[in-house]
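Participant: Input: one structure, supplied below.
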Amino acid sequence: MKKILLLLAFSAAFMGSAQNITLKKGVVIDSLVVNDTIAETFSLYLPKKFDVSKAWPVVFVFDMNGKGRQALAMYSAAAEEQGYILAASNNISDTLSIAKNIVITSRMLNTVTTMLPIRKNGIYTSGFSAGGRFSTLIPTFIKGVEGVIACGAAVANFEVLTSRNPFHYIGVVGDEDFSYSEMRTVEKVLSRMKFPNQLLVFDGGHEWPKTENLSKALKLLTLAAMAKGYMPRDEAYVNASYNEDFVKVNSLYAANKPLLAEDWLGEMLEIYQPYMSLDSIKASRKSLKKSRLYRTKNRTQNTLALKEGLIKDEFNYYLEEDIITYNYNNLGWWKYQMEELQKYRKSPEILQQKMGKRLEGYLKALVDDNVDLLSGESPVDGEALNFLWMLKTIIEPDNFDSYLKIISYTAKTDDYGTALFYLEELLKKGYTNRGELYALENTALLRITPEFNELVEKYLKEARYTIIEE
């Protein structure tokens, strides 16, 4: 039997006129219209057990490329498990101003809360990376948002936060993610500001968390809602979660991860304080912190955290200087830095390996941010962008797009020697798209030269233009 919900006769204020709409449960529904007067759509997910006789919590998930359906697909299994509705705009974009994105969000939120039986104090936001950062802004500008699940993203702006309007922040991040260190700092700052918060850490880099992590984040929101009286307490649910968390702590310690085990015991003190005595948690945490394994790992982590901060500062300083001065001579220094990061990644110490991966991700993100910034300026500083593209060939040697941009720019400036050098480096990396090469912007004169065609002939076996030997 198909699990379908029939919602009848929406008011004119909602959809412009009364109408029928059929929504399937248990699947992501795409391209639902926000209203008849604006060309905006959203995606929606209703759990299989959804019915209109009870109020439901909802998570608005943000993707800054307007890919609402894909964002909900990442979340749907967790939402099904924990009993949450999901919604996502298909019109949010990082090319729009924050104000415009907030207005789009507000319209979608009003539509969903009018359309469905949403629980009071049961509205939450979430997203990954840029979407996660944007989700942390929503509670400040739209009233009624109770909490945020930010995946791989720190708080966008502390200056707009106020203790008069706190929300529940849950960070979810991989311990190899370049955002990891910043999100640990966010946790401390929010605690000082009296914002309820937890940080869920998993093995991995800058990526969408797995279902188990997202499900845990939703479970924390449910536990908080029960504690505040927003929904009936379910003692069996609380006890099952508590036991599950103790199993998690023991598993982390057994897996030689005492720091993560201690961190989660600390989170448990806040999560279960409204429900039970905390003596068992406190005793376990005290015992763990006395262990030799914990003390050794903690010393190492503190040392590496200091080193990681210094290296990030160095990257920021030198990149800014090199962009301003077009310092191509410093590309060798950047190559050396990447070699040093590779040494960290190959270290026998797991914490050093993870630091190396975080720093490599941080540098890539830093360069990409500067590329986006310069590309948006008018007039565009082509020379500065060219430096950054050259730097990208060092930190992302298999990213063919950077080589192509360098070839195009240097051909435009008649620097054929550099263009040919990067052409050969590109072909050495295994690039095979002959058609794209011969259609590359600004290279009309370059690609009829014997040198260009000799390289194409050498690596791709066939050049478009015949090489005439005198």
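Labels used: A, B, ... for chains in the order of the structure tokens, numbers from 1 for residues in each chain, and numbers from 1 for ligands as shown.
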Out of stretch 333-455 of chain A, which residues get alpha helix (DSSP H) from DSSP, as a VMD selection string?

Facilitator: chain A and resid 333 to 345 350 to 375 382 to 395 400 to 412 416 to 428 434 to 438 450 to 455

Participant: Counting only C-alpha atoms, what is within 9 Å of A:Glu146, bar same-chain residues fewer than 4 positions away, as a list in words?

Facilitator: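 Residues near the query, excluding close chain neighbours: Asn121, Gly122, Ile123, Tyr124, Thr125, Pro139, Pro166, Phe167 and His168 of chain A.
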
Participant: Hey, what's within 6 Å of stretch 128-135 of chain A if we count only C-alpha atoms and toss same-chain stuff fewer than 2 positions away? As a list in words, please?

Facilitator: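 Listed by chain and then number, they are Phe62, Asp63, Met64, Thr125, Ser126, Leu137, Ile138, Ala150, Cys151, Gly152, Ala153, Val155 and Ala156 of chain A.
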
Participant: What's the 10 Å shell around A:Leu190, counting only C-alpha atoms, without same-chain residues fewer than 2 positions away, as number ranges by chain?

Facilitator: A: 155, 158, 161, 163, 166-169, 185-188, 192-198

Participant: Excluding stretch 444-461 of chain A and its own-chain neighbours fewer than 2 positions away, which residues fall within 10 Å of it when counting only C-alpha atoms? Please give them as a PyMOL selection string.

Facilitator: chain A and resi 407-408+410-412+414-417+419-421+423-424+427-428+430-434+437-442+463-469

Participant: Tell me which protein, DNA and RNA residues are within 12 Å of A:Gln70, counting only C-alpha atoms, leaving out same-chain ones fewer than 6 positions away, and put them as a list in words.

Facilitator: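 The filter keeps Val28, Ile29, Asp30, Phe42, Ser43, Leu44, Tyr45, Val61, Phe62, Asp63, Met64, Ser76, Leu86, Ala87, Ala88, Ser89, Asn90, Gly127, Phe128 and Trp208 of chain A.
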
Participant: Store the residues picked out above, limited to N, CA, C and O atoms, as a compact mmCIF listing (two decimals), in the first residue's frame.

Facilitator:
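Heads up, here's the output in out.txt:
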```txt
# COMPACT_ATOMS: atom_id res chain seq x y z
N VAL A 28 12.30 11.62 -0.99
CA VAL A 28 12.54 13.06 -1.14
C VAL A 28 11.69 13.57 -2.29
O VAL A 28 11.77 13.07 -3.42
N ILE A 29 10.86 14.55 -2.00
CA ILE A 29 9.99 15.16 -3.01
C ILE A 29 10.63 16.47 -3.44
O ILE A 29 10.92 17.33 -2.62
N ASP A 30 10.82 16.62 -4.74
CA ASP A 30 11.54 17.80 -5.24
C ASP A 30 10.59 18.80 -5.88
O ASP A 30 9.47 18.46 -6.27
N PHE A 42 11.19 24.14 -3.21
CA PHE A 42 11.92 23.48 -2.15
C PHE A 42 11.71 21.98 -2.23
O PHE A 42 10.78 21.50 -2.90
N SER A 43 12.59 21.23 -1.58
CA SER A 43 12.48 19.78 -1.49
C SER A 43 11.99 19.43 -0.09
O SER A 43 12.23 20.16 0.87
N LEU A 44 11.34 18.28 0.02
CA LEU A 44 10.71 17.89 1.28
C LEU A 44 10.87 16.39 1.50
O LEU A 44 10.83 15.61 0.55
N TYR A 45 11.06 16.02 2.78
CA TYR A 45 11.08 14.60 3.14
C TYR A 45 10.19 14.39 4.35
O TYR A 45 10.35 15.05 5.38
N VAL A 61 17.50 22.08 5.84
CA VAL A 61 18.88 21.77 5.45
C VAL A 61 19.28 22.68 4.30
O VAL A 61 18.54 22.83 3.32
N PHE A 62 20.49 23.27 4.40
CA PHE A 62 20.91 24.26 3.41
C PHE A 62 22.09 23.78 2.58
O PHE A 62 23.09 23.29 3.12
N ASP A 63 21.94 23.93 1.28
CA ASP A 63 23.03 23.71 0.33
C ASP A 63 23.19 25.01 -0.45
O ASP A 63 22.23 25.48 -1.09
N MET A 64 24.39 25.59 -0.41
CA MET A 64 24.58 26.93 -0.99
C MET A 64 24.68 26.92 -2.50
O MET A 64 24.88 27.97 -3.12
N SER A 76 18.17 11.84 4.89
CA SER A 76 16.87 11.16 4.98
C SER A 76 16.88 9.93 5.88
O SER A 76 15.92 9.70 6.63
N LEU A 86 12.15 16.90 6.92
CA LEU A 86 13.26 17.66 6.34
C LEU A 86 12.73 18.56 5.23
O LEU A 86 11.81 18.18 4.51
N ALA A 87 13.34 19.73 5.09
CA ALA A 87 12.99 20.62 3.99
C ALA A 87 14.25 21.37 3.57
O ALA A 87 15.13 21.65 4.39
N ALA A 88 14.34 21.68 2.26
CA ALA A 88 15.53 22.39 1.75
C ALA A 88 15.15 23.24 0.55
O ALA A 88 14.47 22.77 -0.37
N SER A 89 15.59 24.48 0.57
CA SER A 89 15.34 25.38 -0.56
C SER A 89 16.22 25.00 -1.75
O SER A 89 17.37 24.59 -1.60
N ASN A 90 15.65 25.16 -2.95
CA ASN A 90 16.42 24.96 -4.18
C ASN A 90 16.93 26.28 -4.74
O ASN A 90 17.47 26.31 -5.85
N GLY A 127 23.25 22.04 7.73
CA GLY A 127 23.92 22.13 6.44
C GLY A 127 25.36 21.68 6.57
O GLY A 127 25.88 21.52 7.69
N PHE A 128 25.99 21.50 5.44
CA PHE A 128 27.39 21.08 5.41
C PHE A 128 28.25 22.19 4.82
O PHE A 128 27.87 22.82 3.84
N TRP A 208 30.39 15.07 4.23
CA TRP A 208 29.12 14.89 4.92
C TRP A 208 29.27 13.77 5.94
O TRP A 208 29.81 12.71 5.63
```

Participant: Give me, please, the distance in Å between atom CA of A:Ala384 and atom CA of A:Ile323, quoted to one decimal.

Facilitator: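 One can read the atom CA of A:Ala384 to atom CA of A:Ile323 distance as 5.5 Å.
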
Participant: Nearest to A:Thr136: which of A:Ser291, A:Ser181, A:Asn157, A:Ser106 is it, counting only C-alpha atoms?

Facilitator: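 Ranking A:Ser291, A:Ser181, A:Asn157, A:Ser106 by distance to A:Thr136, first place goes to A:Asn157.
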
Participant: Would you work out the distance separating atom CA of A:Tyr275 from atom CA of A:Val238, expressed in Å to one decimal?

Facilitator: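 So the two atoms, atom CA of A:Tyr275 and atom CA of A:Val238, lie 8.0 Å apart.
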
Participant: Using only C-alpha atoms, which residue out of A:Glu235, A:Arg119, A:Thr41, A:Ser53 lies closest to A:Ile104?

Facilitator: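 Once distances to A:Ile104 are computed over only C-alpha atoms, the minimum belongs to A:Thr41.
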